[in-house]
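> Following this line is my_file.tsv, made up of TSV, C-alpha atoms:
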chain	number	residue	atom	x	y	z
C	152	TRP	CA	43.20	-189.93	179.15
C	153	LEU	CA	45.97	-188.14	177.24
C	154	ILE	CA	49.35	-189.14	178.67
C	155	ASP	CA	52.77	-188.30	177.17
C	156	GLY	CA	51.21	-187.27	173.88
C	157	LEU	CA	49.25	-190.50	173.42
C	158	VAL	CA	45.71	-191.71	174.05
C	159	ALA	CA	45.85	-193.99	177.11
C	160	GLU	CA	43.56	-196.11	179.25
C	161	ALA	CA	42.61	-194.75	182.65
C	162	PRO	CA	45.57	-195.45	184.97
C	163	ASP	CA	45.18	-197.84	187.90
C	164	THR	CA	46.74	-195.35	190.29
C	165	ASP	CA	45.97	-191.71	190.94
C	166	LEU	CA	47.97	-189.35	188.76
C	167	ALA	CA	48.33	-185.60	188.98
C	168	VAL	CA	46.07	-184.07	186.36
C	169	ASP	CA	47.41	-181.03	184.52
C	170	LEU	CA	44.12	-180.22	182.82
C	171	GLU	CA	40.60	-181.57	183.11
C	172	VAL	CA	38.02	-180.85	180.42
C	173	ASP	CA	34.31	-181.26	181.04
C	174	ALA	CA	32.98	-182.90	177.87
C	175	THR	CA	29.48	-183.60	179.16
C	176	GLY	CA	27.06	-183.42	176.24
C	177	LYS	CA	29.94	-182.87	173.81
C	178	ILE	CA	31.53	-184.94	171.05
C	179	VAL	CA	35.10	-186.11	171.64
C	180	CYS	CA	36.71	-187.31	168.43
C	181	PRO	CA	39.98	-187.38	166.46
C	182	GLY	CA	41.27	-184.09	165.13
C	183	LEU	CA	40.07	-183.26	161.63
C	184	ILE	CA	42.39	-183.80	158.67
C	185	GLU	CA	42.64	-181.40	155.73
C	186	THR	CA	43.82	-182.94	152.46
C	187	GLN	CA	44.57	-179.87	150.33
C	188	ALA	CA	45.28	-176.49	151.86
C	189	THR	CA	47.32	-173.76	150.17
C	190	LEU	CA	49.65	-172.38	152.84
C	191	GLN	CA	51.59	-170.05	150.48
C	192	GLU	CA	54.96	-170.41	152.22
C	193	PRO	CA	57.51	-169.95	150.77
C	194	GLY	CA	56.71	-167.35	148.15
C	195	TRP	CA	53.55	-165.54	149.19
C	196	ASP	CA	54.10	-165.11	152.92
C	197	ASP	CA	52.08	-161.88	152.98
C	198	ASP	CA	48.95	-163.89	152.08
C	199	GLU	CA	49.49	-166.84	154.42
C	200	THR	CA	52.27	-168.64	156.24
C	201	ILE	CA	52.61	-172.04	157.79
C	202	ALA	CA	52.21	-170.34	161.18
C	203	SER	CA	49.01	-168.45	160.28
C	204	GLY	CA	47.59	-171.36	158.28
C	205	THR	CA	48.06	-173.84	161.10
C	206	ALA	CA	46.62	-171.35	163.59
C	207	ALA	CA	43.53	-171.15	161.37
C	208	ALA	CA	43.49	-174.94	161.14
C	209	VAL	CA	43.36	-175.60	164.88
C	210	ALA	CA	40.68	-172.92	165.28
C	211	GLY	CA	38.59	-175.08	162.99
C	212	GLY	CA	39.44	-178.35	164.75
C	213	VAL	CA	41.97	-179.44	162.12
C	214	THR	CA	45.04	-181.07	163.64
C	215	SER	CA	46.67	-182.31	160.42
C	216	VAL	CA	47.05	-180.34	157.20
C	217	ALA	CA	48.37	-181.55	153.85
C	218	CYS	CA	49.59	-178.55	151.86
C	219	LEU	CA	49.66	-178.25	148.09
C	220	PRO	CA	52.97	-177.47	146.33
C	221	GLU	CA	51.72	-174.10	145.10
C	222	THR	CA	54.69	-172.19	146.46
C	223	GLN	CA	57.64	-170.28	145.06
C	224	PRO	CA	59.85	-172.18	144.58
C	225	VAL	CA	57.58	-175.12	143.83
C	226	VAL	CA	57.82	-178.16	146.09
C	227	ASP	CA	59.36	-180.34	143.39
C	228	ASN	CA	62.54	-181.44	145.17
C	229	ARG	CA	63.57	-182.98	148.47
C	230	ALA	CA	64.94	-179.74	149.94
C	231	ALA	CA	61.59	-178.00	149.45
C	232	VAL	CA	59.74	-180.81	151.25
C	233	GLU	CA	62.19	-180.70	154.12
C	234	PHE	CA	61.81	-176.92	154.41
C	235	ILE	CA	58.06	-177.28	154.93
C	236	ARG	CA	58.54	-180.04	157.50
C	237	GLN	CA	61.13	-178.04	159.43
C	238	GLN	CA	59.12	-174.83	159.29
C	239	ALA	CA	56.01	-176.65	160.53
C	240	GLU	CA	57.94	-178.18	163.43
C	241	ARG	CA	59.30	-174.76	164.35
C	242	VAL	CA	56.19	-172.59	164.12
C	243	GLY	CA	53.16	-174.74	163.31
C	244	ALA	CA	50.35	-175.37	165.73
C	245	CYS	CA	49.47	-178.73	164.15
C	246	HIS	CA	50.90	-181.47	161.94
C	247	VAL	CA	51.76	-180.40	158.38
C	248	PHE	CA	52.29	-182.89	155.56
C	249	ALA	CA	53.85	-181.77	152.30
C	250	ILE	CA	52.40	-182.78	148.94
C	251	GLY	CA	55.11	-182.78	146.29
C	252	ALA	CA	54.66	-181.73	142.67
C	253	VAL	CA	54.05	-184.40	140.04
C	254	THR	CA	55.95	-182.43	137.40
C	255	LYS	CA	58.88	-180.04	137.54
C	256	ASN	CA	57.76	-176.52	138.41
C	257	ARG	CA	54.16	-177.75	137.99
C	258	GLN	CA	54.53	-177.29	134.23
C	259	GLY	CA	52.96	-180.62	133.29
C	260	GLU	CA	55.80	-181.55	130.96
C	261	GLU	CA	58.50	-183.49	132.83
C	262	LEU	CA	58.11	-185.60	135.96
C	263	ALA	CA	59.62	-184.28	139.17
C	264	GLU	CA	62.11	-186.36	141.15
C	265	ILE	CA	59.35	-188.45	142.70
C	266	GLY	CA	61.65	-190.80	144.60
C	267	GLN	CA	63.46	-187.91	146.29
C	268	LEU	CA	60.17	-186.20	147.14
C	269	VAL	CA	58.85	-189.30	148.86
C	270	GLU	CA	62.15	-189.94	150.65
C	271	GLY	CA	62.03	-186.33	151.87
C	272	GLY	CA	58.60	-186.92	153.41
C	273	ALA	CA	56.03	-186.02	150.73
C	274	VAL	CA	52.82	-187.95	151.43
C	275	ALA	CA	51.29	-187.52	147.96
C	276	LEU	CA	51.94	-185.91	144.57
C	277	SER	CA	50.00	-183.12	142.87
C	278	ASP	CA	50.39	-180.14	140.59
C	279	GLY	CA	47.74	-178.37	142.65
C	280	LYS	CA	45.17	-176.46	140.63
C	281	ARG	CA	47.13	-176.99	137.40
C	282	PRO	CA	45.78	-180.07	135.60
C	283	VAL	CA	48.26	-182.47	134.04
C	284	ALA	CA	46.77	-182.13	130.58
C	285	ASN	CA	49.22	-184.49	128.85
C	286	ALA	CA	47.85	-188.03	129.21
C	287	GLU	CA	51.26	-189.66	128.77
C	288	VAL	CA	52.79	-187.54	131.54
C	289	MET	CA	49.83	-188.38	133.80
C	290	ARG	CA	50.23	-192.08	132.99
C	291	ARG	CA	53.92	-192.03	133.92
C	292	GLY	CA	53.16	-190.04	137.05
C	293	LEU	CA	50.71	-192.70	138.21
C	294	GLU	CA	53.22	-195.47	137.41
C	295	TYR	CA	56.08	-193.83	139.30
C	296	ALA	CA	53.86	-192.91	142.24
C	297	ARG	CA	52.76	-196.53	142.46
C	298	MET	CA	56.40	-197.62	142.68
C	299	PHE	CA	56.83	-195.41	145.73
C	300	GLY	CA	53.50	-196.26	147.33
C	301	CYS	CA	51.84	-192.85	147.15
C	302	ARG	CA	48.76	-191.35	145.55
C	303	VAL	CA	48.47	-188.75	142.79
C	304	PHE	CA	46.11	-185.90	143.65
C	305	HIS	CA	44.70	-184.36	140.47
C	306	HIS	CA	42.55	-181.34	139.66
C	307	PRO	CA	40.44	-182.78	136.81
C	308	GLN	CA	39.69	-180.00	134.37
C	309	VAL	CA	40.37	-179.57	130.64
C	310	PRO	CA	42.24	-176.23	130.54
C	311	GLU	CA	41.03	-175.23	127.09
C	312	LEU	CA	37.36	-175.66	128.04
C	313	VAL	CA	37.56	-173.37	131.08
C	314	ALA	CA	39.90	-170.71	129.68
C	315	GLY	CA	38.43	-167.30	130.49
C	316	GLY	CA	35.67	-168.88	132.57
C	317	VAL	CA	34.41	-167.30	135.78
C	318	MET	CA	31.54	-169.56	136.86
C	319	HIS	CA	29.52	-172.68	136.07
C	320	GLU	CA	28.29	-172.67	132.49
C	321	GLY	CA	24.51	-172.71	132.64
C	322	LEU	CA	21.44	-170.53	133.07
C	323	TYR	CA	23.04	-167.94	135.33
C	324	SER	CA	26.24	-167.55	133.32
C	325	THR	CA	24.06	-166.83	130.29
C	326	LEU	CA	21.84	-164.36	132.16
C	327	LEU	CA	24.85	-162.58	133.67
C	328	GLY	CA	26.96	-162.60	130.53
C	329	LEU	CA	29.89	-164.21	132.35
C	330	GLY	CA	32.35	-166.72	130.92
C	331	GLY	CA	31.31	-170.27	131.65
C	332	MET	CA	33.19	-173.30	132.96
C	333	PRO	CA	31.21	-176.31	131.70
C	334	ALA	CA	30.68	-179.41	133.80
C	335	GLU	CA	32.03	-181.42	130.89
C	336	ALA	CA	35.48	-179.84	131.38
C	337	GLU	CA	35.70	-181.72	134.65
C	338	GLU	CA	33.99	-184.89	133.55
C	339	ILE	CA	36.25	-185.46	130.53
C	340	LEU	CA	39.38	-185.50	132.69
C	341	VAL	CA	37.70	-187.53	135.44
C	342	ALA	CA	36.97	-190.23	132.85
C	343	ARG	CA	40.50	-190.02	131.44
C	344	ASP	CA	42.15	-190.16	134.86
C	345	VAL	CA	40.06	-193.15	135.93
C	346	ALA	CA	41.03	-194.96	132.71
C	347	LEU	CA	44.71	-194.23	133.35
C	348	ALA	CA	44.49	-195.37	136.97
C	349	GLU	CA	42.83	-198.60	135.83
C	350	MET	CA	45.46	-199.05	133.12
C	351	THR	CA	48.46	-198.48	135.40
C	352	GLY	CA	47.16	-199.85	138.69
C	353	GLY	CA	48.09	-196.50	140.20
C	354	SER	CA	46.41	-194.71	143.08
C	355	LEU	CA	44.41	-191.64	142.10
C	356	HIS	CA	42.67	-188.95	144.12
C	357	LEU	CA	40.29	-186.60	142.32
C	358	MET	CA	40.44	-183.25	144.07
C	359	THR	CA	37.14	-181.48	144.82
C	360	ILE	CA	34.86	-182.98	142.21
C	361	SER	CA	31.72	-180.95	141.61
C	362	THR	CA	29.42	-182.57	139.05
C	363	ALA	CA	26.85	-185.35	138.96
C	364	ALA	CA	28.55	-187.17	136.09
C	365	SER	CA	31.90	-187.11	137.95
C	366	VAL	CA	30.23	-188.85	140.90
C	367	ASP	CA	28.72	-191.44	138.58
C	368	ILE	CA	32.06	-192.16	136.86
C	369	LEU	CA	33.75	-192.46	140.26
C	370	ARG	CA	31.05	-194.79	141.59
C	371	ARG	CA	31.33	-197.16	138.64
C	372	ALA	CA	35.14	-197.12	138.79
C	373	ARG	CA	35.16	-198.04	142.47
C	374	GLN	CA	32.71	-200.85	141.80
C	375	ARG	CA	35.24	-202.23	139.30
C	376	GLY	CA	37.98	-202.06	141.93
C	377	VAL	CA	39.91	-199.10	140.54
C	378	ASP	CA	42.01	-197.42	143.25
C	379	VAL	CA	40.42	-193.99	142.95
C	380	THR	CA	39.16	-191.66	145.66
C	381	ALA	CA	37.71	-188.16	145.61
C	382	SER	CA	36.92	-185.18	147.80
C	383	VAL	CA	34.30	-182.44	147.85
C	384	THR	CA	34.21	-179.11	149.66
C	385	PRO	CA	31.48	-177.83	151.99
C	386	HIS	CA	30.97	-174.74	149.84
C	387	HIS	CA	30.00	-176.96	146.93
C	388	LEU	CA	27.35	-178.49	149.20
C	389	VAL	CA	25.75	-175.28	150.54
C	390	LEU	CA	26.07	-172.80	147.66
C	391	THR	CA	24.88	-172.79	144.04
C	392	ASP	CA	25.87	-170.80	140.96
C	393	ALA	CA	22.90	-168.52	141.65
C	394	GLU	CA	25.12	-166.74	144.21
C	395	MET	CA	27.14	-165.26	141.35
C	396	GLN	CA	24.26	-162.85	140.70
C	397	THR	CA	25.81	-160.74	143.46
C	398	PHE	CA	29.02	-160.35	141.40
C	399	ASP	CA	30.87	-160.97	144.69
C	400	ALA	CA	34.27	-162.52	143.92
C	401	ASN	CA	34.20	-164.36	147.25
C	402	TYR	CA	31.88	-166.81	145.48
C	403	LYS	CA	34.43	-167.34	142.70
C	404	VAL	CA	36.00	-170.76	143.27
C	405	ASP	CA	37.63	-173.48	141.20
C	406	PRO	CA	35.87	-175.76	140.42
C	407	PRO	CA	32.95	-173.32	140.23
C	408	LEU	CA	29.77	-173.49	142.26
C	409	ARG	CA	27.30	-175.66	140.35
C	410	SER	CA	23.52	-175.93	140.12
C	411	GLN	CA	21.28	-177.77	142.58
C	412	GLU	CA	21.15	-181.09	140.72
C	413	HIS	CA	24.93	-181.37	141.04
C	414	ILE	CA	24.75	-180.68	144.78
C	415	GLU	CA	22.22	-183.49	145.19
C	416	ALA	CA	24.56	-185.90	143.39
C	417	LEU	CA	27.52	-184.88	145.58
C	418	VAL	CA	25.51	-185.42	148.76
C	419	GLU	CA	24.33	-188.81	147.53
C	420	GLY	CA	27.95	-189.74	146.76
C	421	LEU	CA	28.94	-188.88	150.32
C	422	VAL	CA	26.00	-190.76	151.82
C	423	ASP	CA	26.59	-193.99	149.86
C	424	GLY	CA	30.37	-193.98	150.41
C	425	THR	CA	31.41	-193.20	146.85
C	426	ILE	CA	33.18	-190.05	148.12
C	427	GLU	CA	35.30	-190.57	151.24
C	428	VAL	CA	36.66	-187.09	151.94
C	429	ILE	CA	35.39	-183.60	152.67
C	430	CYS	CA	38.10	-180.94	152.54
C	431	SER	CA	38.06	-177.17	152.95
C	432	ASP	CA	40.29	-176.44	149.91
C	433	HIS	CA	41.63	-173.54	151.99
C	434	ARG	CA	42.88	-170.89	149.55
C	435	PRO	CA	43.77	-167.46	150.98
C	436	VAL	CA	43.34	-164.42	148.69
C	437	PRO	CA	44.02	-160.85	149.86
C	438	ALA	CA	41.04	-158.49	149.97
C	439	GLU	CA	42.49	-156.13	147.38
C	440	GLU	CA	42.68	-158.98	144.86
C	441	LYS	CA	39.14	-160.20	145.54
C	442	GLU	CA	37.94	-156.62	144.98
C	443	LEU	CA	39.13	-156.66	141.36
C	444	GLU	CA	36.68	-157.13	138.49
C	445	LEU	CA	35.16	-160.60	138.56
C	446	ASP	CA	37.09	-161.90	135.56
C	447	LEU	CA	40.38	-160.71	137.11
C	448	ALA	CA	39.84	-161.70	140.74
C	449	PRO	CA	41.56	-164.96	141.78
C	450	PHE	CA	39.61	-168.09	142.60
C	451	GLY	CA	39.44	-169.29	146.20
C	452	ILE	CA	37.83	-169.39	149.65
C	453	VAL	CA	39.50	-169.61	153.06
C	454	GLY	CA	37.87	-172.65	154.57
C	455	LEU	CA	39.73	-174.16	157.50
C	456	GLU	CA	37.84	-172.21	160.17
C	457	THR	CA	34.37	-172.85	158.69
C	458	LEU	CA	34.84	-176.48	157.64
C	459	LEU	CA	32.87	-178.13	160.43
C	460	PRO	CA	29.78	-175.87	160.74
C	461	LEU	CA	29.21	-175.81	156.98
C	462	CYS	CA	29.33	-179.62	156.93
C	463	VAL	CA	26.83	-179.65	159.79
C	464	ARG	CA	24.49	-177.41	157.83
C	465	ALA	CA	24.80	-179.45	154.63
C	466	LEU	CA	24.62	-182.95	156.08
C	467	ILE	CA	23.51	-183.03	159.73
C	468	ASP	CA	20.84	-180.32	159.75
C	469	SER	CA	19.43	-181.76	156.51
C	470	GLU	CA	19.32	-185.20	158.19
C	471	ARG	CA	21.30	-186.80	155.37
C	472	MET	CA	23.77	-188.38	157.79
C	473	ASP	CA	24.65	-188.61	161.47
C	474	TRP	CA	27.65	-187.31	163.39
C	475	PRO	CA	29.78	-190.51	163.20
C	476	GLN	CA	29.39	-190.57	159.41
C	477	LEU	CA	30.37	-186.91	159.09
C	478	ILE	CA	33.38	-187.26	161.40
C	479	ALA	CA	34.62	-190.21	159.33
C	480	LEU	CA	34.57	-188.03	156.20
C	481	LEU	CA	36.75	-185.50	158.02
C	482	THR	CA	39.14	-187.92	159.75
C	483	THR	CA	39.50	-191.57	158.72
C	484	GLY	CA	38.68	-190.87	155.06
C	485	PRO	CA	41.37	-188.20	154.67
C	486	ALA	CA	43.90	-190.28	156.65
C	487	LYS	CA	43.36	-193.21	154.29
C	488	VAL	CA	43.76	-191.04	151.19
C	489	LEU	CA	46.95	-189.42	152.48
C	490	GLY	CA	48.33	-192.68	153.85
C	491	VAL	CA	49.04	-191.17	157.28
C	492	ASP	CA	48.61	-192.77	160.70
C	493	LYS	CA	45.99	-190.33	161.94
C	494	GLY	CA	42.24	-190.11	162.38
C	495	THR	CA	41.77	-192.38	165.39
C	496	ILE	CA	41.66	-192.02	169.17
C	497	GLY	CA	42.25	-195.67	169.98
C	498	VAL	CA	44.56	-196.49	172.88
C	499	GLY	CA	48.14	-195.86	171.81
C	500	ALA	CA	47.23	-193.37	169.09
C	501	ILE	CA	48.88	-189.94	168.97
C	502	ALA	CA	46.64	-187.70	171.07
C	503	ASP	CA	45.22	-185.42	168.37
C	504	VAL	CA	41.79	-184.90	169.90
C	505	ILE	CA	39.05	-182.30	169.62
C	506	VAL	CA	35.96	-181.53	171.66
C	507	ILE	CA	32.89	-180.37	169.72
C	508	ASP	CA	29.76	-178.75	171.08
C	509	PRO	CA	27.24	-180.02	168.50
C	510	ASP	CA	24.51	-177.61	169.63
C	511	ALA	CA	26.53	-174.40	169.89
C	512	GLU	CA	25.09	-171.68	167.68
C	513	TRP	CA	27.38	-168.92	166.48
C	514	THR	CA	27.91	-166.34	163.77
C	515	ILE	CA	30.74	-166.61	161.27
C	516	ASP	CA	32.92	-163.49	161.35
C	517	PRO	CA	35.72	-163.47	158.74
C	518	ALA	CA	37.32	-160.47	160.49
C	519	ALA	CA	38.07	-162.78	163.43
C	520	PHE	CA	39.74	-165.49	161.34
C	521	ARG	CA	43.26	-166.50	162.31
C	522	SER	CA	44.17	-166.80	158.64
C	523	ARG	CA	45.88	-163.74	157.19
C	524	CYS	CA	43.06	-163.49	154.64
C	525	SER	CA	39.30	-163.32	155.07
C	526	ASN	CA	38.01	-164.20	151.58
C	527	SER	CA	34.87	-165.99	152.65
C	528	PRO	CA	31.28	-165.54	151.48
C	529	PHE	CA	29.95	-166.88	154.80
C	530	GLY	CA	30.29	-163.76	156.92
C	531	GLY	CA	27.15	-163.26	159.00
C	532	TRP	CA	25.93	-166.84	158.57
C	533	GLN	CA	24.28	-168.31	161.66
C	534	VAL	CA	25.67	-171.83	162.07
C	535	ARG	CA	25.59	-174.73	164.51
C	536	GLY	CA	28.39	-176.94	165.81
C	537	ARG	CA	31.62	-175.52	167.16
C	538	VAL	CA	35.02	-176.86	168.15
C	539	GLU	CA	35.65	-175.97	171.81
C	540	SER	CA	39.07	-177.52	172.51
C	541	VAL	CA	41.85	-178.87	170.34
C	542	PHE	CA	44.71	-181.08	171.52
C	543	VAL	CA	47.75	-181.89	169.38
C	544	GLU	CA	49.98	-184.63	170.78
C	545	GLY	CA	48.20	-184.21	174.10
C	546	GLN	CA	48.81	-180.46	174.40
C	547	ARG	CA	45.86	-178.08	174.20
C	548	VAL	CA	46.59	-175.68	171.36
C	549	PHE	CA	43.18	-174.02	171.08
C	550	CYS	CA	40.09	-173.45	173.16
C	551	ILE	CA	37.04	-171.22	172.92
C	552	GLU	CA	37.11	-168.44	175.49
C	553	GLY	CA	35.10	-169.48	178.53
C	554	SER	CA	35.32	-173.24	177.88
C	555	VAL	CA	36.76	-175.46	180.62
Show me the file's structure as structure tokens.

Amino acid sequence: WLIDGLVAEAPDTDLAVDLEVDATGKIVCPGLIETQATLQEPGWDDDETIASGTAAAVAGGVTSVACLPETQPVVDNRAAVEFIRQQAERVGACHVFAIGAVTKNRQGEELAEIGQLVEGGAVALSDGKRPVANAEVMRRGLEYARMFGCRVFHHPQVPELVAGGVMHEGLYSTLLGLGGMPAEAEEILVARDVALAEMTGGSLHLMTISTAASVDILRRARQRGVDVTASVTPHHLVLTDAEMQTFDANYKVDPPLRSQEHIEALVEGLVDGTIEVICSDHRPVPAEEKELELDLAPFGIVGLETLLPLCVRALIDSERMDWPQLIALLTTGPAKVLGVDKGTIGVGAIADVIVIDPDAEWTIDPAAFRSRCSNSPFGGWQVRGRVESVFVEGQRVFCIEGSV
């Protein structure tokens, strides 16, 4: 029962029912939680807004979205955090949590006003896709974040090693003559960040790791008790760098698609609990920019509306895990990393609930996305598993046409 915005036990007396949903043969679970979406507002409202991004989120079963501070102006002060919160309350279809910048203007040189960001409601700190290359700045960021009880989200990548890169450095980059982004560029900063987290006692989240060695470093760090978590994306589980032979910029992502041995390591990390989060890394890019030459086209995939079915293909259809394990990676894992009271449908919890038809087969159509952009390489894919109904605070905000 969903009563007054909360999950409740069945009442002893008869109550008038506003809406009854037949969930026979379906999965009823907490709403999914996205840990790093780029919502573009303020600054690039033509590409995406909080309204369009949250509409895309609920269409994918996501009821809570944490947005990166990649805006103009950057979310590096309390007023910017409060703007996002207020805008989400006014127009958003789901919960939106702001992630504040670690450094001023995301320049990696001087720490932002971390205390004010947290007081304003920031749930974590990150410079988005800009790595904090200076180890001393990263160290101080971890120390200050620890003082305020929040986690630093970091994109681990040595900038100099990926400069001019388009794709994973390996066989296909050599065959295609495209600039490479070596796995070592990620692994070097993963090792550094883990060492700094261990040194400071800070809380670290490695955003969208993509290599086998990164998983191994993470696994050993967690065994030592270092407070470090990590996420992966579904596109890094279902696509390899071989796709770049098409020269289609919709396959151009950061970190880049890797080779099959890296995919196997990522899946193993999810299965054994080393990696606790799957995120979409939703990143809208207008069609005219994705149509530029490959070295000029921006990185990114829109992922909120395809998050669940791609996870089903990678992990359920391959029989690597069951539905409860997958749902945990999309709900309780992200909630823990963000430090938010979400991801459960226990009695008394806020009624963010979704209904999934695990057997529904459908075709991905980017033209039908609710996002303002459609930069996805998955158009035409036949997938299984679809969100039928979405409730946020007990109110149905999305349903598939024809569902009851």
> Let me make sure I understand: among C:His356, C:Arg236, C:Arg302, C:Arg375, which one has the smallest atom-to-atom distance to C:Glu427 if we use all atoms listed in the file?
C:His356
> Find the spatial neighbours of C:Gly352, counting all atoms listed in the file, within a cut-off of 9 Å - ignore same-chain residues fewer than 3 positions away - and output them as a list in words.
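Once the adjacent positions are removed, what remains is Leu293, Glu294, Arg297, Leu347, Ala348, Glu349, Val377 and Asp378 of chain C.
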> Could you name the residues that touch stretch 505-512 of chain C at 7 Å or less, counting all atoms listed in the file, but leaving out those on the same chain fewer than 2 positions away, as a tab-separated table (two decimals) with C-alpha atoms, keeping the file's coordinate frame?

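File selection_32.tsv, as written:
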chain	number	residue	atom	x	y	z
C	177	LYS	CA	29.94	-182.87	173.81
C	178	ILE	CA	31.53	-184.94	171.05
C	179	VAL	CA	35.10	-186.11	171.64
C	180	CYS	CA	36.71	-187.31	168.43
C	181	PRO	CA	39.98	-187.38	166.46
C	182	GLY	CA	41.27	-184.09	165.13
C	212	GLY	CA	39.44	-178.35	164.75
C	533	GLN	CA	24.28	-168.31	161.66
C	534	VAL	CA	25.67	-171.83	162.07
C	535	ARG	CA	25.59	-174.73	164.51
C	536	GLY	CA	28.39	-176.94	165.81
C	537	ARG	CA	31.62	-175.52	167.16
C	538	VAL	CA	35.02	-176.86	168.15
C	539	GLU	CA	35.65	-175.97	171.81
C	540	SER	CA	39.07	-177.52	172.51
C	541	VAL	CA	41.85	-178.87	170.34
C	542	PHE	CA	44.71	-181.08	171.52
> Given all atoms listed in the file as the basis, pick out the residue of C:Gly353, C:Phe234, C:Val422, C:His305 nearest to C:Leu477.
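Of C:Gly353, C:Phe234, C:Val422, C:His305, the one nearest C:Leu477 is C:Val422, counting all atoms listed in the file.
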> Could you put an axis-aligned box around every listed atom of stretch 456-475 of chain C, padded by 3 Å on each side, and send me its centre and edge lengths in Å to one decimal, as JSON?

{"center_x": 28.6, "center_y": -181.4, "center_z": 159.0, "size_x": 24.5, "size_y": 24.3, "size_z": 14.8}
> Give me the residues within 8 Å of stretch 480-493 of chain C as a compact mmCIF listing (two decimals) with C-alpha atoms, keeping the file's coordinate frame, counting only C-alpha atoms and dropping any in the same chain fewer than 2 places off.

# COMPACT_ATOMS: atom_id res chain seq x y z
CA PRO C 181 39.98 -187.38 166.46
CA GLY C 182 41.27 -184.09 165.13
CA LEU C 183 40.07 -183.26 161.63
CA ILE C 184 42.39 -183.80 158.67
CA GLU C 185 42.64 -181.40 155.73
CA THR C 186 43.82 -182.94 152.46
CA VAL C 274 52.82 -187.95 151.43
CA ALA C 275 51.29 -187.52 147.96
CA CYS C 301 51.84 -192.85 147.15
CA ARG C 302 48.76 -191.35 145.55
CA HIS C 356 42.67 -188.95 144.12
CA THR C 380 39.16 -191.66 145.66
CA GLU C 427 35.30 -190.57 151.24
CA VAL C 428 36.66 -187.09 151.94
CA ILE C 429 35.39 -183.60 152.67
CA CYS C 430 38.10 -180.94 152.54
CA GLN C 476 29.39 -190.57 159.41
CA LEU C 477 30.37 -186.91 159.09
CA ILE C 478 33.38 -187.26 161.40
CA THR C 495 41.77 -192.38 165.39
CA ALA C 500 47.23 -193.37 169.09
CA ILE C 501 48.88 -189.94 168.97
> Could you jot down the atom CA of C:Met358 to atom CA of C:Ala381 separation for me, Å, one decimal place?
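Interatomic distance, atom CA of C:Met358 to atom CA of C:Ala381: 5.8 Å.
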> Show which residues sit within 10 Å of C:Arg229, as a PyMOL selection string. Count only C-alpha atoms, and ignore same-chain residues fewer than 4 positions away.
chain C and resi 233-234+251+264-273
> Identify, on the basis of all atoms listed in the file, every residue whose closest approach to C:Asn256 does not exceed 10 Å; exclude the query and any residue fewer than 2 positions from it along the same chain; express the result as a list in words.
Pro220, Glu221, Thr222, Gln223, Pro224, Val225, Val226, Asp227, Asn228, Ala252, Val253, Thr254, Gln258, Gly259, Glu260, Glu261, Leu262, Ala263 and Asp278 of chain C
> Take the residues just selected and output them with C-alpha atoms as a PDB file, keeping the file's coordinate frame.

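This is the output file result_35.pdb:
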ATOM      1  CA  PRO C 220      52.970-177.470 146.330  1.00  0.00           C
ATOM      2  CA  GLU C 221      51.720-174.100 145.100  1.00  0.00           C
ATOM      3  CA  THR C 222      54.690-172.190 146.460  1.00  0.00           C
ATOM      4  CA  GLN C 223      57.640-170.280 145.060  1.00  0.00           C
ATOM      5  CA  PRO C 224      59.850-172.180 144.580  1.00  0.00           C
ATOM      6  CA  VAL C 225      57.580-175.120 143.830  1.00  0.00           C
ATOM      7  CA  VAL C 226      57.820-178.160 146.090  1.00  0.00           C
ATOM      8  CA  ASP C 227      59.360-180.340 143.390  1.00  0.00           C
ATOM      9  CA  ASN C 228      62.540-181.440 145.170  1.00  0.00           C
ATOM     10  CA  ALA C 252      54.660-181.730 142.670  1.00  0.00           C
ATOM     11  CA  VAL C 253      54.050-184.400 140.040  1.00  0.00           C
ATOM     12  CA  THR C 254      55.950-182.430 137.400  1.00  0.00           C
ATOM     13  CA  GLN C 258      54.530-177.290 134.230  1.00  0.00           C
ATOM     14  CA  GLY C 259      52.960-180.620 133.290  1.00  0.00           C
ATOM     15  CA  GLU C 260      55.800-181.550 130.960  1.00  0.00           C
ATOM     16  CA  GLU C 261      58.500-183.490 132.830  1.00  0.00           C
ATOM     17  CA  LEU C 262      58.110-185.600 135.960  1.00  0.00           C
ATOM     18  CA  ALA C 263      59.620-184.280 139.170  1.00  0.00           C
ATOM     19  CA  ASP C 278      50.390-180.140 140.590  1.00  0.00           C
TER      20      ASP C 278
END
> Mind giving me the straight-line distance from atom CA of C:His306 to atom CA of C:Gln411 in Å, one decimal?
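Straight-line distance from atom CA of C:His306 to atom CA of C:Gln411 works out to 21.8 Å.
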> Between C:Met318, C:Val341, C:Cys462, C:Val453, single out the one closest to C:Val383, counting only C-alpha atoms.
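Among C:Met318, C:Val341, C:Cys462, C:Val453, it is C:Cys462 that comes nearest to C:Val383.
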> State, in Å with one decimal place, the distance from atom CA of C:Val504 to atom CA of C:Ile467.
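One can read the atom CA of C:Val504 to atom CA of C:Ile467 distance as 21.0 Å.
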> Given all atoms listed in the file as the basis, pick out the residue of C:Thr214, C:Val418, C:Gln238, C:Leu322 nearest to C:Gly494.
C:Thr214
> Measuring atom to atom with all atoms listed in the file, identify which of C:Leu417, C:Ala208, C:Val309, C:Ala342 is nearest to C:Ile360.
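Between C:Leu417, C:Ala208, C:Val309, C:Ala342, the residue approaching C:Ile360 most closely is C:Leu417.
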